[in-house]
$ cat data-v2.cif   # mmCIF, C-alpha atoms; chains and numbers go by the auth columns
data_structure
#
loop_
_atom_site.group_PDB
_atom_site.id
_atom_site.type_symbol
_atom_site.label_atom_id
_atom_site.label_comp_id
_atom_site.label_asym_id
_atom_site.label_seq_id
_atom_site.Cartn_x
_atom_site.Cartn_y
_atom_site.Cartn_z
_atom_site.B_iso_or_equiv
_atom_site.auth_seq_id
_atom_site.auth_asym_id
ATOM 1 C CA MET A 1 107.717 104.309 122.209 0.00 1 S
ATOM 2 C CA SER A 2 109.287 103.299 125.496 0.00 2 S
ATOM 3 C CA SER A 3 106.679 100.572 125.968 0.00 3 S
ATOM 4 C CA ALA A 4 107.835 98.709 122.832 0.00 4 S
ATOM 5 C CA ARG A 5 108.732 95.109 123.663 0.00 5 S
ATOM 6 C CA VAL A 6 109.736 91.821 122.088 0.00 6 S
ATOM 7 C CA VAL A 7 106.807 89.372 122.326 0.00 7 S
ATOM 8 C CA ALA A 8 108.505 86.328 120.803 0.00 8 S
ATOM 9 C CA VAL A 9 111.631 85.262 118.923 0.00 9 S
ATOM 10 C CA SER A 10 111.778 82.531 116.282 0.00 10 S
ATOM 11 C CA ARG A 11 114.282 80.794 114.024 0.00 11 S
ATOM 12 C CA ASP A 12 114.475 77.800 111.711 0.00 12 S
ATOM 13 C CA GLY A 13 117.521 76.248 110.084 0.00 13 S
ATOM 14 C CA GLU A 14 115.366 75.005 107.200 0.00 14 S
ATOM 15 C CA HIS A 15 113.542 77.007 104.512 0.00 15 S
ATOM 16 C CA ARG A 16 110.024 76.536 105.859 0.00 16 S
ATOM 17 C CA PHE A 17 107.266 79.126 105.999 0.00 17 S
ATOM 18 C CA SER A 18 106.695 79.177 109.773 0.00 18 S
ATOM 19 C CA LYS A 19 109.491 79.387 112.341 0.00 19 S
ATOM 20 C CA PRO A 20 109.309 77.756 115.781 0.00 20 S
ATOM 21 C CA ASN A 21 109.582 80.044 118.802 0.00 21 S
ATOM 22 C CA ALA A 22 112.731 80.013 120.910 0.00 22 S
ATOM 23 C CA ASP A 23 113.662 81.264 124.367 0.00 23 S
ATOM 24 C CA GLU A 24 116.378 83.395 122.761 0.00 24 S
ATOM 25 C CA ILE A 25 117.923 84.132 119.382 0.00 25 S
ATOM 26 C CA GLN A 26 121.439 85.397 118.774 0.00 26 S
ATOM 27 C CA LEU A 27 121.910 88.148 116.212 0.00 27 S
ATOM 28 C CA ILE A 28 125.231 88.178 114.340 0.00 28 S
ATOM 29 C CA ALA A 29 126.383 91.499 112.870 0.00 29 S
ATOM 30 C CA GLY A 30 126.177 91.525 109.074 0.00 30 S
ATOM 31 C CA ILE A 31 124.760 87.984 108.973 0.00 31 S
ATOM 32 C CA GLY A 32 121.372 87.666 110.704 0.00 32 S
ATOM 33 C CA VAL A 33 119.966 85.173 113.211 0.00 33 S
ATOM 34 C CA ALA A 34 122.373 82.391 114.215 0.00 34 S
ATOM 35 C CA GLY A 35 120.990 79.052 113.056 0.00 35 S
ATOM 36 C CA ASP A 36 118.339 80.570 110.765 0.00 36 S
ATOM 37 C CA ALA A 37 118.090 79.574 107.091 0.00 37 S
ATOM 38 C CA HIS A 38 117.940 83.248 106.054 0.00 38 S
ATOM 39 C CA ALA A 39 121.213 84.244 107.739 0.00 39 S
ATOM 40 C CA GLY A 40 123.976 85.340 105.389 0.00 40 S
ATOM 41 C CA VAL A 41 125.805 88.265 103.836 0.00 41 S
ATOM 42 C CA THR A 42 124.145 87.584 100.470 0.00 42 S
ATOM 43 C CA VAL A 43 120.482 86.740 99.797 0.00 43 S
ATOM 44 C CA GLN A 44 119.178 83.507 101.291 0.00 44 S
ATOM 45 C CA HIS A 45 115.498 83.639 100.301 0.00 45 S
ATOM 46 C CA LEU A 46 115.231 80.912 97.672 0.00 46 S
ATOM 47 C CA SER A 47 113.457 83.007 95.033 0.00 47 S
ATOM 48 C CA ARG A 48 116.112 85.720 95.317 0.00 48 S
ATOM 49 C CA VAL A 49 118.987 83.235 95.219 0.00 49 S
ATOM 50 C CA ALA A 50 117.534 81.856 91.963 0.00 50 S
ATOM 51 C CA ALA A 51 117.393 85.374 90.472 0.00 51 S
ATOM 52 C CA ASP A 52 120.859 86.562 91.605 0.00 52 S
ATOM 53 C CA PRO A 53 122.743 84.846 94.446 0.00 53 S
ATOM 54 C CA SER A 54 125.246 87.726 94.725 0.00 54 S
ATOM 55 C CA GLN A 55 122.669 90.302 95.926 0.00 55 S
ATOM 56 C CA PRO A 56 123.305 91.705 99.422 0.00 56 S
ATOM 57 C CA ASN A 57 121.003 90.212 102.046 0.00 57 S
ATOM 58 C CA LEU A 58 118.733 93.085 103.114 0.00 58 S
ATOM 59 C CA ARG A 59 116.368 90.517 104.686 0.00 59 S
ATOM 60 C CA GLN A 60 118.521 89.125 107.512 0.00 60 S
ATOM 61 C CA VAL A 61 115.914 89.616 110.250 0.00 61 S
ATOM 62 C CA HIS A 62 112.134 89.716 109.681 0.00 62 S
ATOM 63 C CA LEU A 63 109.963 91.559 112.229 0.00 63 S
ATOM 64 C CA ILE A 64 106.171 91.549 112.564 0.00 64 S
ATOM 65 C CA HIS A 65 104.071 93.550 115.016 0.00 65 S
ATOM 66 C CA ALA A 66 101.813 91.428 117.247 0.00 66 S
ATOM 67 C CA GLU A 67 99.081 93.980 116.604 0.00 67 S
ATOM 68 C CA LEU A 68 98.799 92.467 113.093 0.00 68 S
ATOM 69 C CA HIS A 69 98.035 89.097 114.686 0.00 69 S
ATOM 70 C CA ASP A 70 95.330 90.817 116.759 0.00 70 S
ATOM 71 C CA GLU A 71 93.814 92.464 113.654 0.00 71 S
ATOM 72 C CA VAL A 72 93.662 89.293 111.556 0.00 72 S
ATOM 73 C CA ARG A 73 92.240 87.374 114.534 0.00 73 S
ATOM 74 C CA GLU A 74 89.283 89.801 114.440 0.00 74 S
ATOM 75 C CA GLN A 75 88.790 88.678 110.815 0.00 75 S
ATOM 76 C CA GLY A 76 88.735 85.001 111.815 0.00 76 S
ATOM 77 C CA PHE A 77 92.381 84.025 111.269 0.00 77 S
ATOM 78 C CA GLU A 78 94.517 82.480 113.996 0.00 78 S
ATOM 79 C CA VAL A 79 98.159 83.469 113.657 0.00 79 S
ATOM 80 C CA ALA A 80 100.727 83.025 116.421 0.00 80 S
ATOM 81 C CA PRO A 81 104.229 84.528 116.661 0.00 81 S
ATOM 82 C CA GLY A 82 106.628 82.953 114.158 0.00 82 S
ATOM 83 C CA GLU A 83 103.899 81.456 111.995 0.00 83 S
ATOM 84 C CA LEU A 84 104.306 84.080 109.248 0.00 84 S
ATOM 85 C CA GLY A 85 108.048 83.454 109.175 0.00 85 S
ATOM 86 C CA GLU A 86 109.170 86.338 111.373 0.00 86 S
ATOM 87 C CA ASN A 87 112.218 86.171 113.619 0.00 87 S
ATOM 88 C CA ILE A 88 111.066 88.859 116.057 0.00 88 S
ATOM 89 C CA THR A 89 107.466 89.599 117.034 0.00 89 S
ATOM 90 C CA THR A 90 107.041 93.045 118.607 0.00 90 S
ATOM 91 C CA ARG A 91 104.322 94.924 120.468 0.00 91 S
ATOM 92 C CA GLY A 92 103.933 98.656 121.037 0.00 92 S
ATOM 93 C CA ILE A 93 105.670 99.965 117.920 0.00 93 S
ATOM 94 C CA ASP A 94 104.225 100.794 114.503 0.00 94 S
ATOM 95 C CA LEU A 95 106.849 98.976 112.465 0.00 95 S
ATOM 96 C CA LEU A 96 105.249 99.789 109.109 0.00 96 S
ATOM 97 C CA SER A 97 105.502 103.545 109.655 0.00 97 S
ATOM 98 C CA LEU A 98 109.225 103.555 110.434 0.00 98 S
ATOM 99 C CA PRO A 99 111.478 105.218 107.868 0.00 99 S
ATOM 100 C CA ARG A 100 114.208 103.296 106.094 0.00 100 S
ATOM 101 C CA GLY A 101 117.416 103.371 108.122 0.00 101 S
ATOM 102 C CA THR A 102 115.702 103.320 111.532 0.00 102 S
ATOM 103 C CA VAL A 103 117.779 101.470 114.127 0.00 103 S
ATOM 104 C CA LEU A 104 115.975 99.163 116.541 0.00 104 S
ATOM 105 C CA ARG A 105 117.891 98.164 119.678 0.00 105 S
ATOM 106 C CA PHE A 106 116.931 95.082 121.691 0.00 106 S
ATOM 107 C CA GLY A 107 118.030 94.780 125.294 0.00 107 S
ATOM 108 C CA GLU A 108 121.613 95.811 125.982 0.00 108 S
ATOM 109 C CA GLN A 109 123.483 94.755 122.825 0.00 109 S
ATOM 110 C CA ALA A 110 121.593 93.708 119.703 0.00 110 S
ATOM 111 C CA ALA A 111 120.604 96.230 117.015 0.00 111 S
ATOM 112 C CA VAL A 112 119.139 96.036 113.510 0.00 112 S
ATOM 113 C CA GLU A 113 118.693 98.611 110.763 0.00 113 S
ATOM 114 C CA VAL A 114 115.336 98.641 108.979 0.00 114 S
ATOM 115 C CA THR A 115 115.793 98.070 105.226 0.00 115 S
ATOM 116 C CA GLY A 116 112.217 97.790 103.944 0.00 116 S
ATOM 117 C CA LEU A 117 108.900 96.003 103.820 0.00 117 S
ATOM 118 C CA ARG A 118 108.376 92.283 103.477 0.00 118 S
ATOM 119 C CA ASN A 119 106.737 91.504 100.170 0.00 119 S
ATOM 120 C CA PRO A 120 103.934 89.068 101.086 0.00 120 S
ATOM 121 C CA CYS A 121 103.663 86.030 98.829 0.00 121 S
ATOM 122 C CA ALA A 122 101.203 83.257 98.013 0.00 122 S
ATOM 123 C CA GLN A 123 102.671 81.075 100.775 0.00 123 S
ATOM 124 C CA ILE A 124 100.566 83.130 103.202 0.00 124 S
ATOM 125 C CA ASP A 125 97.377 81.780 101.586 0.00 125 S
ATOM 126 C CA ARG A 126 98.803 78.249 101.707 0.00 126 S
ATOM 127 C CA PHE A 127 99.217 78.797 105.467 0.00 127 S
ATOM 128 C CA ASP A 128 95.588 79.992 105.790 0.00 128 S
ATOM 129 C CA ASP A 129 93.394 80.597 102.740 0.00 129 S
ATOM 130 C CA GLY A 130 92.329 84.240 102.499 0.00 130 S
ATOM 131 C CA LEU A 131 95.006 85.576 104.869 0.00 131 S
ATOM 132 C CA LEU A 132 97.028 87.112 102.031 0.00 132 S
ATOM 133 C CA LYS A 133 94.229 89.640 101.379 0.00 133 S
ATOM 134 C CA GLN A 134 94.549 90.766 105.003 0.00 134 S
ATOM 135 C CA VAL A 135 98.267 91.580 104.714 0.00 135 S
ATOM 136 C CA VAL A 136 98.508 92.969 101.170 0.00 136 S
ATOM 137 C CA TYR A 137 95.829 94.914 99.332 0.00 137 S
ATOM 138 C CA ARG A 138 95.160 98.063 97.308 0.00 138 S
ATOM 139 C CA ASP A 139 94.056 101.213 99.122 0.00 139 S
ATOM 140 C CA GLU A 140 91.339 103.568 97.847 0.00 140 S
ATOM 141 C CA ASP A 141 93.920 105.355 95.658 0.00 141 S
ATOM 142 C CA GLY A 142 95.102 102.102 94.081 0.00 142 S
ATOM 143 C CA GLY A 143 98.377 102.003 96.009 0.00 143 S
ATOM 144 C CA LEU A 144 99.686 98.652 97.217 0.00 144 S
ATOM 145 C CA VAL A 145 99.645 98.296 101.007 0.00 145 S
ATOM 146 C CA ARG A 146 102.019 95.686 102.465 0.00 146 S
ATOM 147 C CA ARG A 147 101.425 94.796 106.122 0.00 147 S
ATOM 148 C CA ALA A 148 103.364 91.540 106.597 0.00 148 S
ATOM 149 C CA GLY A 149 106.209 93.099 108.555 0.00 149 S
ATOM 150 C CA ILE A 150 109.557 94.676 107.898 0.00 150 S
ATOM 151 C CA MET A 151 113.013 93.437 107.043 0.00 151 S
ATOM 152 C CA SER A 152 116.334 94.475 108.532 0.00 152 S
ATOM 153 C CA ILE A 153 120.062 93.869 108.671 0.00 153 S
ATOM 154 C CA VAL A 154 122.017 93.247 111.866 0.00 154 S
ATOM 155 C CA LEU A 155 124.236 96.140 112.975 0.00 155 S
ATOM 156 C CA ALA A 156 125.225 94.787 116.408 0.00 156 S
ATOM 157 C CA GLY A 157 125.119 91.183 117.518 0.00 157 S
ATOM 158 C CA GLY A 158 123.740 89.891 120.770 0.00 158 S
ATOM 159 C CA PRO A 159 120.858 87.997 122.328 0.00 159 S
ATOM 160 C CA VAL A 160 117.195 88.901 121.810 0.00 160 S
ATOM 161 C CA ARG A 161 114.598 87.476 124.178 0.00 161 S
ATOM 162 C CA PRO A 162 110.864 87.807 124.755 0.00 162 S
ATOM 163 C CA GLY A 163 110.278 90.744 127.104 0.00 163 S
ATOM 164 C CA ASP A 164 113.293 92.733 125.889 0.00 164 S
ATOM 165 C CA ALA A 165 112.681 96.455 125.559 0.00 165 S
ATOM 166 C CA ILE A 166 112.959 97.925 122.060 0.00 166 S
ATOM 167 C CA THR A 167 114.560 101.342 121.575 0.00 167 S
ATOM 168 C CA VAL A 168 113.860 103.215 118.341 0.00 168 S
ATOM 169 C CA GLU A 169 116.468 105.540 116.797 0.00 169 S
ATOM 170 C CA LEU A 170 115.170 107.421 113.765 0.00 170 S
ATOM 171 C CA PRO A 171 117.632 108.287 110.978 0.00 171 S
ATOM 172 C CA PRO A 172 118.441 111.892 110.040 0.00 172 S
ATOM 173 C CA GLU A 173 115.828 113.641 107.928 0.00 173 S
ATOM 174 C CA PRO A 174 114.632 113.548 105.250 0.00 174 S
ATOM 175 C CA HIS A 175 112.999 110.259 106.221 0.00 175 S
ATOM 176 C CA LEU A 176 112.602 107.773 103.378 0.00 176 S
ATOM 177 C CA PRO A 177 109.446 105.630 103.381 0.00 177 S
ATOM 178 C CA LEU A 178 109.759 101.858 103.414 0.00 178 S
ATOM 179 C CA ASP A 179 109.467 100.000 100.137 0.00 179 S
ATOM 180 C CA ARG A 180 109.606 96.256 99.491 0.00 180 S
ATOM 181 C CA VAL A 181 112.970 94.537 99.719 0.00 181 S
#

$ encode --input "data-v2.cif" --output "structure tokens"
Amino acid sequence: MSSARVVAVSRDGEHRFSKPNADEIQLIAGIGVAGDAHAGVTVQHLSRVAADPSQPNLRQVHLIHAELHDEVREQGFEVAPGELGENITTRGIDLLSLPRGTVLRFGEQAAVEVTGLRNPCAQIDRFDDGLLKQVVYRDEDGGLVRRAGIMSIVLAGGPVRPGDAITVELPPEPHLPLDRV
């Protein structure tokens, strides 16, 4: 996994679906991305705040693999980094197969801990009609497959920039599969 890299970084101070790209984002330990609407110790996603604003924020940093953009492009959808609301777009790492508790290190300082899968919502179809079926569907056994990225919390603050190497540190076994957070 040594070829894993950051493709793009994105943030938005407002609660909008897509996030504009930036030259750099700053991760803040225990909080999230500086200047992003989803940064905070407790939940910041509006639907979760409405349900229980005291919940811990397990969704501080959203990551999506650029390979997903490639796959949906083959199905006729144009999606660029940040447009599905992710803060970090990666390439060269199978994010969806990582176990819960995996640590991802970016560059020299920043690190996040993987908490779970993003639960895709109807906003994805409002972005591009039909795209939701590409990122969440039922497999042949009836199980729900979520492909819209993973969520994480910030363990170590620092800058993250396009081109940064990503180091993967798996947690001790037994590995727990990702579930929605």

$ residues_around --input "data-v2.cif" --residues "Asp52 of chain S" --least-positions-apart "4" --cutoff "9 Å" --atoms "all atoms listed in the file" --output "PyMOL selection string"
chain S and resi 43+47-48

$ resolve_selection --input "data-v2.cif" --expression "the PyMOL selection byres ((chain S and resi 172) around 12)" --output "VMD selection string"
chain S and resid 99 to 103 169 to 171 173 to 176

$ resolve_selection --input "data-v2.cif" --expression "the PyMOL selection byres ((chain S and resi 29-37) around 10)" --output "PyMOL selection string"
chain S and resi 10-16+19+25-28+38-42+44-46+57-62+87+110-112+152-160

$ residues_around --input "data-v2.cif" --residues "Glu74 of chain S" --least-positions-apart "6" --cutoff "12 Å" --atoms "all atoms listed in the file" --output "count of residues only"
4

$ resolve_selection --input "data-v2.cif" --expression "the PyMOL selection byres ((chain S and resi 96) around 12)" --output "VMD selection string"
chain S and resid 63 to 65 67 to 68 90 93 to 95 97 to 100 102 114 to 118 135 145 to 151 177 to 180

$ closest_residue --input "data-v2.cif" --among "S:Arg91, S:Asn119, S:Tyr137, S:Val49" --to "Ser3 of chain S" --atoms "only C-alpha atoms"
S:Arg91

$ build_atoms --input "data-v2.cif" --residues "segment 110-145 of chain S" --atoms "N, CA and C atoms" --output "mmCIF file, in the frame of the given file"
data_model
loop_
_atom_site.group_PDB
_atom_site.id
_atom_site.type_symbol
_atom_site.label_atom_id
_atom_site.label_comp_id
_atom_site.auth_asym_id
_atom_site.auth_seq_id
_atom_site.Cartn_x
_atom_site.Cartn_y
_atom_site.Cartn_z
ATOM 1 N N ALA S 110 121.985 93.973 121.085
ATOM 2 C CA ALA S 110 121.593 93.708 119.703
ATOM 3 C C ALA S 110 120.915 94.919 119.058
ATOM 4 N N ALA S 111 121.223 95.127 117.763
ATOM 5 C CA ALA S 111 120.604 96.230 117.015
ATOM 6 C C ALA S 111 120.480 95.839 115.549
ATOM 7 N N VAL S 112 119.352 96.247 114.942
ATOM 8 C CA VAL S 112 119.139 96.036 113.510
ATOM 9 C C VAL S 112 118.817 97.372 112.862
ATOM 10 N N GLU S 113 119.078 97.447 111.567
ATOM 11 C CA GLU S 113 118.693 98.611 110.763
ATOM 12 C C GLU S 113 117.587 98.198 109.814
ATOM 13 N N VAL S 114 116.494 98.946 109.815
ATOM 14 C CA VAL S 114 115.336 98.641 108.979
ATOM 15 C C VAL S 114 115.689 98.934 107.514
ATOM 16 N N THR S 115 115.472 97.930 106.647
ATOM 17 C CA THR S 115 115.793 98.070 105.226
ATOM 18 C C THR S 115 114.555 98.224 104.347
ATOM 19 N N GLY S 116 113.408 97.677 104.774
ATOM 20 C CA GLY S 116 112.217 97.790 103.944
ATOM 21 C C GLY S 116 111.105 96.872 104.393
ATOM 22 N N LEU S 117 110.088 96.800 103.550
ATOM 23 C CA LEU S 117 108.900 96.003 103.820
ATOM 24 C C LEU S 117 109.051 94.586 103.292
ATOM 25 N N ARG S 118 108.481 93.639 104.009
ATOM 26 C CA ARG S 118 108.376 92.283 103.477
ATOM 27 C C ARG S 118 107.365 92.318 102.346
ATOM 28 N N ASN S 119 107.665 91.624 101.280
ATOM 29 C CA ASN S 119 106.737 91.504 100.170
ATOM 30 C C ASN S 119 105.957 90.207 100.364
ATOM 31 N N PRO S 120 104.700 90.288 100.824
ATOM 32 C CA PRO S 120 103.934 89.068 101.086
ATOM 33 C C PRO S 120 103.765 88.236 99.813
ATOM 34 N N CYS S 121 103.775 86.916 99.984
ATOM 35 C CA CYS S 121 103.663 86.030 98.829
ATOM 36 C C CYS S 121 102.532 85.031 99.034
ATOM 37 N N ALA S 122 102.305 84.224 98.013
ATOM 38 C CA ALA S 122 101.203 83.257 98.013
ATOM 39 C C ALA S 122 101.321 82.221 99.126
ATOM 40 N N GLN S 123 102.519 82.039 99.679
ATOM 41 C CA GLN S 123 102.671 81.075 100.775
ATOM 42 C C GLN S 123 101.763 81.427 101.958
ATOM 43 N N ILE S 124 101.436 82.708 102.095
ATOM 44 C CA ILE S 124 100.566 83.130 103.202
ATOM 45 C C ILE S 124 99.181 82.510 103.039
ATOM 46 N N ASP S 125 98.672 82.430 101.815
ATOM 47 C CA ASP S 125 97.377 81.780 101.586
ATOM 48 C C ASP S 125 97.474 80.267 101.753
ATOM 49 N N ARG S 126 98.640 79.684 101.467
ATOM 50 C CA ARG S 126 98.803 78.249 101.707
ATOM 51 C C ARG S 126 98.792 77.965 103.212
ATOM 52 N N PHE S 127 99.266 78.927 104.008
ATOM 53 C CA PHE S 127 99.217 78.797 105.467
ATOM 54 C C PHE S 127 97.777 78.859 105.945
ATOM 55 N N ASP S 128 97.011 79.847 105.436
ATOM 56 C CA ASP S 128 95.588 79.992 105.790
ATOM 57 C C ASP S 128 94.904 80.749 104.655
ATOM 58 N N ASP S 129 94.048 80.034 103.919
ATOM 59 C CA ASP S 129 93.394 80.597 102.740
ATOM 60 C C ASP S 129 92.656 81.895 103.069
ATOM 61 N N GLY S 130 92.958 82.940 102.314
ATOM 62 C CA GLY S 130 92.329 84.240 102.499
ATOM 63 C C GLY S 130 93.160 85.211 103.321
ATOM 64 N N LEU S 131 94.182 84.715 104.013
ATOM 65 C CA LEU S 131 95.006 85.576 104.869
ATOM 66 C C LEU S 131 95.821 86.579 104.059
ATOM 67 N N LEU S 132 96.226 86.206 102.852
ATOM 68 C CA LEU S 132 97.028 87.112 102.031
ATOM 69 C C LEU S 132 96.307 88.442 101.816
ATOM 70 N N LYS S 133 94.996 88.405 101.600
ATOM 71 C CA LYS S 133 94.229 89.640 101.379
ATOM 72 C C LYS S 133 94.197 90.535 102.610
ATOM 73 N N GLN S 134 94.511 89.978 103.773
ATOM 74 C CA GLN S 134 94.549 90.766 105.003
ATOM 75 C C GLN S 134 95.883 91.519 105.153
ATOM 76 N N VAL S 135 96.930 90.999 104.508
ATOM 77 C CA VAL S 135 98.267 91.580 104.714
ATOM 78 C C VAL S 135 98.820 92.298 103.486
ATOM 79 N N VAL S 136 98.134 92.191 102.354
ATOM 80 C CA VAL S 136 98.508 92.969 101.170
ATOM 81 C C VAL S 136 97.238 93.249 100.376
ATOM 82 N N TYR S 137 97.035 94.520 100.056
ATOM 83 C CA TYR S 137 95.829 94.914 99.332
ATOM 84 C C TYR S 137 96.057 96.290 98.720
ATOM 85 N N ARG S 138 95.105 96.730 97.905
ATOM 86 C CA ARG S 138 95.160 98.063 97.308
ATOM 87 C C ARG S 138 94.304 99.022 98.129
ATOM 88 N N ASP S 139 94.837 100.207 98.397
ATOM 89 C CA ASP S 139 94.056 101.213 99.122
ATOM 90 C C ASP S 139 93.113 101.919 98.158
ATOM 91 N N GLU S 140 92.344 102.882 98.668
ATOM 92 C CA GLU S 140 91.339 103.568 97.847
ATOM 93 C C GLU S 140 91.945 104.335 96.680
ATOM 94 N N ASP S 141 93.250 104.657 96.759
ATOM 95 C CA ASP S 141 93.920 105.355 95.658
ATOM 96 C C ASP S 141 94.620 104.395 94.700
ATOM 97 N N GLY S 142 94.487 103.092 94.946
ATOM 98 C CA GLY S 142 95.102 102.102 94.081
ATOM 99 C C GLY S 142 96.521 101.720 94.477
ATOM 100 N N GLY S 143 97.022 102.326 95.554
ATOM 101 C CA GLY S 143 98.377 102.003 96.009
ATOM 102 C C GLY S 143 98.420 100.670 96.730
ATOM 103 N N LEU S 144 99.520 99.948 96.578
ATOM 104 C CA LEU S 144 99.686 98.652 97.217
ATOM 105 C C LEU S 144 100.098 98.848 98.674
ATOM 106 N N VAL S 145 99.364 98.226 99.573
ATOM 107 C CA VAL S 145 99.645 98.296 101.007
ATOM 108 C C VAL S 145 100.169 96.933 101.449
#
